[in-house]
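Down below is the structure, laid out as structure tokens.
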Amino acid sequence: MENGRTKIAPMHFKTMVQSDVPQGRNGKHKLIVTTILKDLDALKDGSAIKVPLAGLVDSKEKVRSALNRATRKGGRKVATATDAAFLYVWNVSE
């Protein structure tokens, strides 16, 4: 025994004040998804937006997945379709 004191193991990582920890997550698809959602907010019933596939940084599948996650989180219903050149997105009526 060492005079009744216990040894404290050294920290492996740096520490910081919890209030300084960033709380949001900005994924790599945030810009395209938020842009699509803003356009969907202004979209008239019976219309769809055309997103050029050539302008996407990532694959259409990954963008569709990110859009799906965002719309489910926001309680929105949208539909998508694609062809060789575009990703089409529109609001689904209740």
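Following the order of the structure tokens, first chain is A, next is B, and so on, with residues numbered from 1 inside each chain and ligands from 1 in the order they appear.
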
Neighbouring residues of stretch 31-34 of chain A were defined as those with any atom within 12 Å, considering only C-alpha atoms; residues of the same chain fewer than 3 positions away were excluded. Please report them as an NGL selection string. :A and (26-28 or 37-41 or 51-53 or 55-60 or 62-71 or 74 or 87 or 89)

If you keep C-alpha atoms, can you produce a file of those selected residues as an mmCIF file, in the first residue's frame?
```
data_model
loop_
_atom_site.group_PDB
_atom_site.id
_atom_site.type_symbol
_atom_site.label_atom_id
_atom_site.label_comp_id
_atom_site.auth_asym_id
_atom_site.auth_seq_id
_atom_site.Cartn_x
_atom_site.Cartn_y
_atom_site.Cartn_z
ATOM 1 C CA ASN A 26 -23.262 18.207 -41.167
ATOM 2 C CA GLY A 27 -22.991 15.188 -43.395
ATOM 3 C CA LYS A 28 -21.468 15.311 -46.828
ATOM 4 C CA LEU A 37 -35.959 20.337 -49.533
ATOM 5 C CA LYS A 38 -36.088 24.120 -50.024
ATOM 6 C CA ASP A 39 -37.164 23.659 -53.641
ATOM 7 C CA LEU A 40 -39.794 21.128 -52.547
ATOM 8 C CA ASP A 41 -41.199 23.706 -50.111
ATOM 9 C CA VAL A 51 -31.801 17.348 -60.256
ATOM 10 C CA PRO A 52 -29.067 16.740 -62.855
ATOM 11 C CA LEU A 53 -27.167 13.557 -62.009
ATOM 12 C CA GLY A 55 -24.035 17.723 -60.885
ATOM 13 C CA LEU A 56 -24.101 15.313 -57.948
ATOM 14 C CA VAL A 57 -20.875 14.838 -56.042
ATOM 15 C CA ASP A 58 -21.948 11.359 -54.943
ATOM 16 C CA SER A 59 -24.025 8.597 -56.530
ATOM 17 C CA LYS A 60 -27.765 9.027 -56.990
ATOM 18 C CA LYS A 62 -26.448 7.824 -51.794
ATOM 19 C CA VAL A 63 -28.226 11.127 -52.379
ATOM 20 C CA ARG A 64 -31.589 9.353 -52.414
ATOM 21 C CA SER A 65 -30.730 7.631 -49.143
ATOM 22 C CA ALA A 66 -29.711 10.909 -47.520
ATOM 23 C CA LEU A 67 -32.884 12.565 -48.808
ATOM 24 C CA ASN A 68 -34.951 9.660 -47.476
ATOM 25 C CA ARG A 69 -33.388 9.999 -44.020
ATOM 26 C CA ALA A 70 -34.001 13.762 -43.968
ATOM 27 C CA THR A 71 -37.619 13.527 -45.101
ATOM 28 C CA GLY A 74 -38.880 15.811 -40.857
ATOM 29 C CA LEU A 87 -33.183 12.572 -60.300
ATOM 30 C CA VAL A 89 -38.293 14.510 -56.673
#
```

Going by DSSP on the backbone, which residues of chain A come out as strand (DSSP E)? List them as a list in words. Ile49, Lys50, Val51, Pro52, Val78, Ala79, Thr80, Ala81, Thr82, Phe86, Leu87, Tyr88, Val89, Trp90 and Asn91 of chain A

Using only C-alpha atoms, pick whichever of A:Val21, A:Phe86, A:Thr6, A:Ser93 has the shortest atom-to-atom distance to A:Ala54.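 When distances to A:Ala54 are compared using only C-alpha atoms, the smallest one comes from A:Phe86.
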
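Nearest to A:Val92 of all the residues A:Arg5, A:Arg25, A:Lys44, A:Lys73 is A:Lys44, based on only C-alpha atoms.
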